[in-house]
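One structure below.
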Amino acid sequence: MAKQVPTSRLARGTKLGAVAAGSVIRTQRTRLSMRGRSDAVRAKMAEESMIRTTEQVVMVLGTMKGVAMKLGQMMSVLDLDLVPEDHRERFQKRLAVLRDAAPTVSFESMRRVIEEDFGQPLDRVFAEFESTPIAAASIGQVYRGMLHDGRRVAVKVQYPGIDAAVRADLKNLAMFRRVLQSAMPWVTPAVLDELRLNMESELDYQAEANTQLQIAEVYAGHPFIRVPRSMPELSTTRVLVSEYVEGIGFDAIRRLPDAERNRIGEIIYRFYVGSLFTFHEFCGDPHPGNVLLAADGKVAFLDFGLFNRMDPEHVRFETICLRAAAEDRAEDLRQLMIERGVIDSPQEIGAEECLEYVLAASEWCLLDEELTITPELASGAFLLAVDPRASEFAGMKQQNLPPEHLFSRRADFLTFGMLGQLECTANWHRISREWIYDEPPVTELGQIHHHWLAEHPPIPPKKPRARATKPVRDKA
């Protein structure tokens, strides 16, 4: 029998509350120690309590879908080689829940969603429509079809009832805020408001179609980045139609030779991270399922439900903070964060703690040397970042990162995870200096990109959808 999306707030809330207080790990960090992290993480993963907690988090988030499933996808960056061999099979079964948790909904049910939204039979809208989905989105499935004018299209359709499931998750996240804060102090009311705005907007495929079309126009004619053009005139709240892109998926990309993976990794880095500093906007959902390698060598990027536009002043703040961290200017970095309101208890935070906290998340792109990002590094960074028992950065974790910066850093972290799965090698700092220091590019892709930018200067972004874009200092 097909699995359904549980929509009862009580049923879903019971699951969420059972694992609100997690337990992960954090080891004492020394400067420039990224290459040593995997051994420390592997040793800590051997703890039975760590395995049990991680299994439980994966299992519960994976069975919830909605927002909890979105948060659970972050666990997919974990590299199973970090798990001790005698625990690996059990852990792998739990992790598989995240891949298999999508509801199995019959095509007839999905067809009804399309026909209800269009108000007419399927064959009136599409000349052809394949009943087998070609991909699973976070809150729906993707099908291949053809319009009556012969254009091949990808059609993303929401699961019936997923809107209620997402809203139930949002209410539960608010309900369990105090419990969640014991593990994640940054989960303030302001952060939950930002998450609610993002997830509510993801439920509106019509709005996503408009956003995707704008991004496709920004990157039109780009030499190595492709964003499929959506068709807002054919999209509805629950159905999104866009041009179909033929290409190979992330698993196949991972099997390509080193040079090609490195090239694709740099493109992914430029799109997901560089676009924030170039265009003041970014996709908030870097994920392996949202990337395709087209036959012409371009990398196609999909799914723009979680898309953020930032005030240029907020982007500038991130840039000058990264400069300070790259240059080991600890006191300057601390003062910047105090003035911005990130640190609101200056007496509790020293300059070195502030610097080390930033480096713990961003050191990979601040090291001026060639670095291979491995699954161990990506997994270790994830585990080190979410440890609720960490004492090293206890003061910083009680501070108040404004939500717009939280989501930009989330995008940065998830990009790091994708690059780890590709095992890409580059001097990431030399690439990032293009936007951190406004320096000329040193890579071939960078030179091509900047030549294109000179002929297609950034257009001021259109008015963003409603977002919490000003600093919010709302401590729990």
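Ligands are numbered from 1 in the order shown, chains are lettered A, B, ... in the order of the structure tokens, and residues start at 1 in each chain.
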
Quick one: residues within 12 Å of A:Glu217, only C-alpha atoms counted, chain neighbours fewer than 2 positions away excluded, as a compact mmCIF listing (two decimals) with all heavy atoms, in the first residue's frame?
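Output file result37.txt is given in full below:
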# COMPACT_ATOMS: atom_id res chain seq x y z
N ASN A 210 8.32 32.13 -11.37
CA ASN A 210 8.72 33.51 -11.65
C ASN A 210 10.18 33.75 -11.28
O ASN A 210 10.93 34.38 -12.03
CB ASN A 210 7.81 34.49 -10.90
CG ASN A 210 6.39 34.52 -11.46
OD1 ASN A 210 6.19 34.34 -12.65
ND2 ASN A 210 5.42 34.73 -10.59
N THR A 211 10.58 33.23 -10.11
CA THR A 211 11.97 33.37 -9.67
C THR A 211 12.91 32.67 -10.63
O THR A 211 13.94 33.22 -11.04
CB THR A 211 12.15 32.79 -8.26
OG1 THR A 211 11.34 33.53 -7.35
CG2 THR A 211 13.59 32.86 -7.82
N GLN A 212 12.58 31.45 -11.01
CA GLN A 212 13.45 30.68 -11.90
C GLN A 212 13.61 31.37 -13.25
O GLN A 212 14.72 31.40 -13.80
CB GLN A 212 12.89 29.27 -12.10
CG GLN A 212 13.77 28.38 -12.98
CD GLN A 212 13.28 26.95 -13.03
OE1 GLN A 212 12.65 26.45 -12.09
NE2 GLN A 212 13.56 26.27 -14.13
N LEU A 213 12.56 31.95 -13.76
CA LEU A 213 12.66 32.66 -15.04
C LEU A 213 13.59 33.85 -14.91
O LEU A 213 14.40 34.12 -15.83
CB LEU A 213 11.27 33.11 -15.51
CG LEU A 213 11.23 33.83 -16.86
CD1 LEU A 213 11.80 32.93 -17.96
CD2 LEU A 213 9.80 34.26 -17.20
N GLN A 214 13.51 34.58 -13.80
CA GLN A 214 14.41 35.72 -13.60
C GLN A 214 15.87 35.27 -13.56
O GLN A 214 16.74 35.90 -14.17
CB GLN A 214 14.05 36.43 -12.30
CG GLN A 214 12.70 37.14 -12.33
CD GLN A 214 12.30 37.67 -10.96
OE1 GLN A 214 13.14 37.83 -10.07
NE2 GLN A 214 11.02 37.92 -10.76
N ILE A 215 16.14 34.16 -12.88
CA ILE A 215 17.52 33.66 -12.79
C ILE A 215 17.98 33.15 -14.15
O ILE A 215 19.14 33.36 -14.55
CB ILE A 215 17.63 32.55 -11.74
CG1 ILE A 215 17.14 33.07 -10.38
CG2 ILE A 215 19.06 32.05 -11.62
CD1 ILE A 215 16.91 32.00 -9.36
N TYR A 219 21.36 34.42 -16.29
CA TYR A 219 22.43 33.55 -16.78
C TYR A 219 22.26 33.17 -18.25
O TYR A 219 22.98 32.29 -18.74
CB TYR A 219 22.50 32.28 -15.93
CG TYR A 219 23.21 32.50 -14.60
CD1 TYR A 219 22.48 32.71 -13.44
CD2 TYR A 219 24.59 32.53 -14.53
CE1 TYR A 219 23.12 32.92 -12.22
CE2 TYR A 219 25.25 32.73 -13.33
CZ TYR A 219 24.51 32.93 -12.17
OH TYR A 219 25.15 33.15 -10.98
N ALA A 220 21.36 33.80 -18.94
CA ALA A 220 21.16 33.49 -20.37
C ALA A 220 22.47 33.69 -21.13
O ALA A 220 23.13 34.72 -21.02
CB ALA A 220 20.07 34.38 -20.95
N GLY A 221 22.86 32.67 -21.91
CA GLY A 221 24.07 32.77 -22.70
C GLY A 221 25.35 32.58 -21.93
O GLY A 221 26.45 32.78 -22.49
N HIS A 222 25.26 32.15 -20.67
CA HIS A 222 26.48 31.96 -19.88
C HIS A 222 27.29 30.80 -20.45
O HIS A 222 26.72 29.80 -20.91
CB HIS A 222 26.13 31.68 -18.42
CG HIS A 222 27.31 31.79 -17.50
ND1 HIS A 222 28.23 30.78 -17.34
CD2 HIS A 222 27.73 32.82 -16.71
CE1 HIS A 222 29.17 31.17 -16.48
NE2 HIS A 222 28.88 32.40 -16.08
N ILE A 225 27.26 27.87 -17.21
CA ILE A 225 26.13 27.72 -16.28
C ILE A 225 24.83 27.80 -17.06
O ILE A 225 24.66 28.67 -17.92
CB ILE A 225 26.15 28.82 -15.20
CG1 ILE A 225 27.33 28.60 -14.25
CG2 ILE A 225 24.84 28.84 -14.40
CD1 ILE A 225 27.55 29.74 -13.26
N ARG A 226 23.93 26.90 -16.75
CA ARG A 226 22.62 26.91 -17.43
C ARG A 226 21.51 26.79 -16.39
O ARG A 226 21.55 25.93 -15.51
CB ARG A 226 22.52 25.75 -18.42
CG ARG A 226 21.18 25.72 -19.17
CD ARG A 226 21.17 24.63 -20.22
NE ARG A 226 19.88 24.55 -20.89
CZ ARG A 226 19.58 23.63 -21.82
NH1 ARG A 226 20.48 22.72 -22.16
NH2 ARG A 226 18.39 23.62 -22.39
N VAL A 227 20.54 27.67 -16.50
CA VAL A 227 19.34 27.60 -15.68
C VAL A 227 18.15 27.44 -16.63
O VAL A 227 17.91 28.33 -17.46
CB VAL A 227 19.15 28.85 -14.81
CG1 VAL A 227 17.84 28.79 -14.05
CG2 VAL A 227 20.33 29.01 -13.84
N PRO A 228 17.44 26.32 -16.58
CA PRO A 228 16.32 26.12 -17.51
C PRO A 228 15.27 27.22 -17.35
O PRO A 228 14.96 27.64 -16.23
CB PRO A 228 15.75 24.75 -17.09
CG PRO A 228 16.81 24.12 -16.27
CD PRO A 228 17.59 25.20 -15.63
N ARG A 229 14.73 27.67 -18.46
CA ARG A 229 13.69 28.69 -18.41
C ARG A 229 12.37 28.05 -17.97
O ARG A 229 11.93 27.05 -18.53
CB ARG A 229 13.50 29.35 -19.78
CG ARG A 229 14.69 30.18 -20.23
CD ARG A 229 14.44 30.82 -21.58
NE ARG A 229 13.37 31.83 -21.51
CZ ARG A 229 13.57 33.11 -21.18
NH1 ARG A 229 14.78 33.54 -20.87
NH2 ARG A 229 12.57 33.96 -21.15
N SER A 230 11.79 28.63 -16.96
CA SER A 230 10.47 28.17 -16.53
C SER A 230 9.40 28.84 -17.37
O SER A 230 9.67 29.77 -18.13
CB SER A 230 10.25 28.50 -15.05
OG SER A 230 10.32 29.90 -14.86
N HIS A 456 27.73 41.28 -19.74
CA HIS A 456 26.41 41.14 -19.14
C HIS A 456 26.46 41.62 -17.69
O HIS A 456 26.40 40.81 -16.76
CB HIS A 456 25.93 39.68 -19.18
CG HIS A 456 25.90 39.09 -20.56
ND1 HIS A 456 27.04 38.63 -21.19
CD2 HIS A 456 24.88 38.88 -21.43
CE1 HIS A 456 26.72 38.14 -22.38
NE2 HIS A 456 25.43 38.29 -22.54
N PRO A 458 25.75 42.83 -13.98
CA PRO A 458 24.62 42.47 -13.11
C PRO A 458 23.51 43.52 -13.16
O PRO A 458 23.77 44.73 -13.13
CB PRO A 458 25.25 42.41 -11.71
CG PRO A 458 26.70 42.14 -11.96
CD PRO A 458 27.02 42.85 -13.24
N ILE A 459 22.28 43.05 -13.27
CA ILE A 459 21.11 43.92 -13.27
C ILE A 459 20.62 44.04 -11.83
O ILE A 459 20.55 43.04 -11.11
CB ILE A 459 20.00 43.34 -14.16
CG1 ILE A 459 20.53 43.17 -15.60
CG2 ILE A 459 18.76 44.21 -14.14
CD1 ILE A 459 19.58 42.41 -16.49
N PRO A 461 18.59 43.60 -8.74
CA PRO A 461 17.54 42.59 -8.55
C PRO A 461 16.17 43.22 -8.41
O PRO A 461 16.03 44.34 -7.91
CB PRO A 461 17.95 41.88 -7.26
CG PRO A 461 18.83 42.85 -6.54
CD PRO A 461 19.52 43.64 -7.61

Please list as a ChimeraX atom specification every residue within 12 Å of A:Phe416, counting only C-alpha atoms and excluding residues in the same chain fewer than 3 positions away.
/A:74,77-78,265-266,268-270,272-273,286-288,361-365,372-382,409-413,419-425,428

Convert the current residue selection to file output with C-alpha atoms, as a PDB file, in the first residue's frame.
ATOM      1  CA  MET A  74      21.537  17.725   5.490  1.00  0.00           C
ATOM      2  CA  VAL A  77      26.479  14.644   3.446  1.00  0.00           C
ATOM      3  CA  LEU A  78      27.622  12.126   6.041  1.00  0.00           C
ATOM      4  CA  GLY A 265      33.172  21.610  -8.567  1.00  0.00           C
ATOM      5  CA  GLU A 266      34.437  25.090  -9.375  1.00  0.00           C
ATOM      6  CA  ILE A 268      29.108  24.616  -8.442  1.00  0.00           C
ATOM      7  CA  TYR A 269      31.103  26.844  -6.072  1.00  0.00           C
ATOM      8  CA  ARG A 270      30.754  29.856  -8.335  1.00  0.00           C
ATOM      9  CA  TYR A 272      25.950  28.643  -5.219  1.00  0.00           C
ATOM     10  CA  VAL A 273      28.435  30.865  -3.347  1.00  0.00           C
ATOM     11  CA  PRO A 286      22.395  23.386  -2.780  1.00  0.00           C
ATOM     12  CA  HIS A 287      21.754  19.699  -3.193  1.00  0.00           C
ATOM     13  CA  PRO A 288      23.154  16.917  -5.447  1.00  0.00           C
ATOM     14  CA  ALA A 361      33.058  26.907   9.290  1.00  0.00           C
ATOM     15  CA  SER A 362      34.928  28.818   6.560  1.00  0.00           C
ATOM     16  CA  GLU A 363      38.589  27.825   6.771  1.00  0.00           C
ATOM     17  CA  TRP A 364      38.338  25.646   3.661  1.00  0.00           C
ATOM     18  CA  CYS A 365      37.932  28.726   1.445  1.00  0.00           C
ATOM     19  CA  THR A 372      41.012  18.447  -1.887  1.00  0.00           C
ATOM     20  CA  ILE A 373      37.599  18.472  -0.242  1.00  0.00           C
ATOM     21  CA  THR A 374      36.919  14.898   0.795  1.00  0.00           C
ATOM     22  CA  PRO A 375      33.753  13.291   2.129  1.00  0.00           C
ATOM     23  CA  GLU A 376      35.541  13.064   5.486  1.00  0.00           C
ATOM     24  CA  LEU A 377      36.107  16.821   5.569  1.00  0.00           C
ATOM     25  CA  ALA A 378      32.512  17.550   4.621  1.00  0.00           C
ATOM     26  CA  SER A 379      31.134  15.036   7.111  1.00  0.00           C
ATOM     27  CA  GLY A 380      33.469  16.237   9.820  1.00  0.00           C
ATOM     28  CA  ALA A 381      32.475  19.847   9.219  1.00  0.00           C
ATOM     29  CA  PHE A 382      28.821  18.906   9.559  1.00  0.00           C
ATOM     30  CA  ARG A 409      26.058  30.341   5.713  1.00  0.00           C
ATOM     31  CA  ARG A 410      23.765  27.340   5.365  1.00  0.00           C
ATOM     32  CA  ALA A 411      24.126  27.594   1.574  1.00  0.00           C
ATOM     33  CA  ASP A 412      27.886  27.817   1.978  1.00  0.00           C
ATOM     34  CA  PHE A 413      27.972  24.730   4.183  1.00  0.00           C
ATOM     35  CA  LEU A 419      32.120  19.444  -3.176  1.00  0.00           C
ATOM     36  CA  GLY A 420      33.125  16.829  -0.624  1.00  0.00           C
ATOM     37  CA  GLN A 421      31.015  14.218  -2.366  1.00  0.00           C
ATOM     38  CA  LEU A 422      32.767  15.102  -5.637  1.00  0.00           C
ATOM     39  CA  GLU A 423      36.217  15.077  -3.969  1.00  0.00           C
ATOM     40  CA  CYS A 424      37.162  18.238  -5.838  1.00  0.00           C
ATOM     41  CA  THR A 425      40.592  19.857  -5.678  1.00  0.00           C
ATOM     42  CA  TRP A 428      39.274  27.671  -3.179  1.00  0.00           C
TER      43      TRP A 428
END

Can you list, as a list of chain:residue names, every protein, DNA or RNA residue that comes within 8 Å of stretch 323-325 of chain A when you count only C-alpha atoms, leaving out same-chain residues fewer than 6 positions away?
A:Asp332, A:Leu333, A:Leu355, A:Val358, A:Leu359, A:Leu366, A:Ile436, A:Tyr437

Can you list, as an MDAnalysis selection string, every residue of stretch 179-407 of chain A that DSSP puts in strand (DSSP E or B)?
chainID A and resid 225:226 230 239:243 247:248 281:283 291:294 299:301 307:309 371:372

Any chance you can output those residues with N, CA, C and O atoms as a CSV table (one decimal), in the first residue's frame?
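Output file again_26.csv follows:
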chain,number,residue,atom,x,y,z
A,225,ILE,N,27.3,27.9,-17.2
A,225,ILE,CA,26.1,27.7,-16.3
A,225,ILE,C,24.8,27.8,-17.1
A,225,ILE,O,24.7,28.7,-17.9
A,226,ARG,N,23.9,26.9,-16.8
A,226,ARG,CA,22.6,26.9,-17.4
A,226,ARG,C,21.5,26.8,-16.4
A,226,ARG,O,21.6,25.9,-15.5
A,230,SER,N,11.8,28.6,-17.0
A,230,SER,CA,10.5,28.2,-16.5
A,230,SER,C,9.4,28.8,-17.4
A,230,SER,O,9.7,29.8,-18.1
A,239,VAL,N,1.9,23.2,-9.6
A,239,VAL,CA,2.5,22.6,-10.8
A,239,VAL,C,3.5,23.6,-11.4
A,239,VAL,O,3.1,24.8,-11.6
A,240,LEU,N,4.7,23.2,-11.6
A,240,LEU,CA,5.7,24.1,-12.2
A,240,LEU,C,6.2,23.4,-13.5
A,240,LEU,O,6.7,22.3,-13.5
A,241,VAL,N,6.1,24.2,-14.6
A,241,VAL,CA,6.6,23.7,-15.9
A,241,VAL,C,7.8,24.5,-16.3
A,241,VAL,O,7.8,25.7,-16.3
A,242,SER,N,8.8,23.8,-16.8
A,242,SER,CA,10.0,24.5,-17.3
A,242,SER,C,10.6,23.6,-18.4
A,242,SER,O,10.2,22.5,-18.6
A,243,GLU,N,11.6,24.2,-19.1
A,243,GLU,CA,12.2,23.5,-20.2
A,243,GLU,C,12.9,22.3,-19.7
A,243,GLU,O,13.5,22.3,-18.6
A,247,GLY,N,20.7,15.5,-19.3
A,247,GLY,CA,22.0,15.5,-18.7
A,247,GLY,C,22.2,14.4,-17.8
A,247,GLY,O,21.3,13.6,-17.5
A,248,ILE,N,23.4,14.2,-17.3
A,248,ILE,CA,23.7,13.1,-16.3
A,248,ILE,C,23.6,13.7,-14.9
A,248,ILE,O,23.9,14.9,-14.7
A,281,GLU,N,22.2,37.6,-4.5
A,281,GLU,CA,21.1,36.7,-4.4
A,281,GLU,C,21.7,35.3,-4.5
A,281,GLU,O,22.8,35.1,-5.1
A,282,PHE,N,21.0,34.3,-4.0
A,282,PHE,CA,21.6,32.9,-4.1
A,282,PHE,C,20.5,31.9,-3.8
A,282,PHE,O,19.5,32.2,-3.2
A,283,CYS,N,20.8,30.7,-4.3
A,283,CYS,CA,19.9,29.6,-4.1
A,283,CYS,C,20.2,29.0,-2.7
A,283,CYS,O,21.3,28.7,-2.4
A,291,VAL,N,21.5,19.3,-9.6
A,291,VAL,CA,22.6,19.6,-10.5
A,291,VAL,C,22.6,18.5,-11.6
A,291,VAL,O,22.5,17.3,-11.4
A,292,LEU,N,22.7,18.9,-12.9
A,292,LEU,CA,22.9,18.1,-14.0
A,292,LEU,C,24.1,18.5,-14.9
A,292,LEU,O,24.3,19.8,-15.0
A,293,LEU,N,24.8,17.6,-15.5
A,293,LEU,CA,25.8,18.0,-16.5
A,293,LEU,C,25.2,17.7,-17.9
A,293,LEU,O,24.9,16.6,-18.3
A,294,ALA,N,25.0,18.8,-18.6
A,294,ALA,CA,24.5,18.7,-19.9
A,294,ALA,C,25.5,18.2,-21.0
A,294,ALA,O,26.7,18.3,-20.7
A,299,VAL,N,26.8,23.1,-16.8
A,299,VAL,CA,26.2,22.6,-15.6
A,299,VAL,C,24.9,23.2,-15.4
A,299,VAL,O,24.8,24.5,-15.3
A,300,ALA,N,23.8,22.4,-15.4
A,300,ALA,CA,22.4,23.0,-15.2
A,300,ALA,C,22.0,22.9,-13.8
A,300,ALA,O,22.3,21.9,-13.1
A,301,PHE,N,21.4,24.0,-13.3
A,301,PHE,CA,21.0,24.0,-11.9
A,301,PHE,C,19.5,24.1,-11.9
A,301,PHE,O,18.9,24.9,-12.6
A,307,PHE,N,15.0,30.5,-2.5
A,307,PHE,CA,15.9,31.4,-3.1
A,307,PHE,C,15.9,32.7,-2.3
A,307,PHE,O,14.8,33.2,-1.9
A,308,ASN,N,17.1,33.2,-2.0
A,308,ASN,CA,17.2,34.4,-1.1
A,308,ASN,C,17.9,35.6,-1.9
A,308,ASN,O,18.8,35.4,-2.6
A,309,ARG,N,17.3,36.7,-1.6
A,309,ARG,CA,18.0,38.0,-2.0
A,309,ARG,C,18.4,38.8,-0.8
A,309,ARG,O,17.6,38.9,0.1
A,371,LEU,N,43.5,22.5,-2.0
A,371,LEU,CA,42.9,21.6,-1.0
A,371,LEU,C,41.9,20.7,-1.7
A,371,LEU,O,41.0,21.2,-2.5
A,372,THR,N,42.0,19.4,-1.4
A,372,THR,CA,41.0,18.4,-1.9
A,372,THR,C,39.9,18.3,-0.8
A,372,THR,O,40.2,18.0,0.3

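The residues of stretch 109-163 of chain A that DSSP classifies as alpha helix (DSSP H), using the backbone of this structure, are A:Ser109, A:Met110, A:Arg111, A:Arg112, A:Val113, A:Ile114, A:Glu115, A:Glu116, A:Asp117, A:Phe118, A:Leu122, A:Asp123, A:Arg124, A:Val125, A:Ile162, A:Asp163.
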
Keeping N, CA and C atoms for every residue in the selection just given, could you write it to a file as a PDB file, in the first residue's frame?
ATOM      1  N   SER A 109      -3.313  10.026  -8.556  1.00  0.00           N
ATOM      2  CA  SER A 109      -3.425  11.083  -7.549  1.00  0.00           C
ATOM      3  C   SER A 109      -2.679  12.328  -7.987  1.00  0.00           C
ATOM      4  N   MET A 110      -1.491  12.136  -8.569  1.00  0.00           N
ATOM      5  CA  MET A 110      -0.718  13.280  -9.044  1.00  0.00           C
ATOM      6  C   MET A 110      -1.406  13.935 -10.244  1.00  0.00           C
ATOM      7  N   ARG A 111      -2.014  13.114 -11.085  1.00  0.00           N
ATOM      8  CA  ARG A 111      -2.738  13.645 -12.242  1.00  0.00           C
ATOM      9  C   ARG A 111      -3.905  14.527 -11.785  1.00  0.00           C
ATOM     10  N   ARG A 112      -4.555  14.120 -10.706  1.00  0.00           N
ATOM     11  CA  ARG A 112      -5.666  14.924 -10.203  1.00  0.00           C
ATOM     12  C   ARG A 112      -5.186  16.305  -9.746  1.00  0.00           C
ATOM     13  N   VAL A 113      -3.980  16.356  -9.148  1.00  0.00           N
ATOM     14  CA  VAL A 113      -3.427  17.651  -8.741  1.00  0.00           C
ATOM     15  C   VAL A 113      -3.270  18.559  -9.967  1.00  0.00           C
ATOM     16  N   ILE A 114      -2.727  18.005 -11.044  1.00  0.00           N
ATOM     17  CA  ILE A 114      -2.514  18.796 -12.266  1.00  0.00           C
ATOM     18  C   ILE A 114      -3.845  19.273 -12.830  1.00  0.00           C
ATOM     19  N   GLU A 115      -4.790  18.372 -12.944  1.00  0.00           N
ATOM     20  CA  GLU A 115      -6.067  18.730 -13.571  1.00  0.00           C
ATOM     21  C   GLU A 115      -6.885  19.673 -12.697  1.00  0.00           C
ATOM     22  N   GLU A 116      -6.772  19.518 -11.384  1.00  0.00           N
ATOM     23  CA  GLU A 116      -7.467  20.463 -10.497  1.00  0.00           C
ATOM     24  C   GLU A 116      -6.895  21.865 -10.645  1.00  0.00           C
ATOM     25  N   ASP A 117      -5.555  21.967 -10.701  1.00  0.00           N
ATOM     26  CA  ASP A 117      -4.944  23.288 -10.794  1.00  0.00           C
ATOM     27  C   ASP A 117      -5.179  23.933 -12.159  1.00  0.00           C
ATOM     28  N   PHE A 118      -5.175  23.125 -13.215  1.00  0.00           N
ATOM     29  CA  PHE A 118      -5.385  23.687 -14.557  1.00  0.00           C
ATOM     30  C   PHE A 118      -6.862  23.825 -14.909  1.00  0.00           C
ATOM     31  N   LEU A 122      -5.631  16.558 -18.553  1.00  0.00           N
ATOM     32  CA  LEU A 122      -4.184  16.577 -18.767  1.00  0.00           C
ATOM     33  C   LEU A 122      -3.833  16.716 -20.242  1.00  0.00           C
ATOM     34  N   ASP A 123      -4.554  16.001 -21.118  1.00  0.00           N
ATOM     35  CA  ASP A 123      -4.183  16.017 -22.533  1.00  0.00           C
ATOM     36  C   ASP A 123      -4.552  17.332 -23.229  1.00  0.00           C
ATOM     37  N   ARG A 124      -5.291  18.190 -22.573  1.00  0.00           N
ATOM     38  CA  ARG A 124      -5.543  19.513 -23.129  1.00  0.00           C
ATOM     39  C   ARG A 124      -4.347  20.439 -22.917  1.00  0.00           C
ATOM     40  N   VAL A 125      -3.592  20.152 -21.872  1.00  0.00           N
ATOM     41  CA  VAL A 125      -2.429  20.986 -21.544  1.00  0.00           C
ATOM     42  C   VAL A 125      -1.161  20.431 -22.189  1.00  0.00           C
ATOM     43  N   ILE A 162       0.838  17.771   0.835  1.00  0.00           N
ATOM     44  CA  ILE A 162       2.157  18.133   1.367  1.00  0.00           C
ATOM     45  C   ILE A 162       2.136  19.526   1.984  1.00  0.00           C
ATOM     46  N   ASP A 163       1.254  20.413   1.495  1.00  0.00           N
ATOM     47  CA  ASP A 163       1.194  21.756   2.064  1.00  0.00           C
ATOM     48  C   ASP A 163       0.784  21.689   3.539  1.00  0.00           C
TER      49      ASP A 163
END
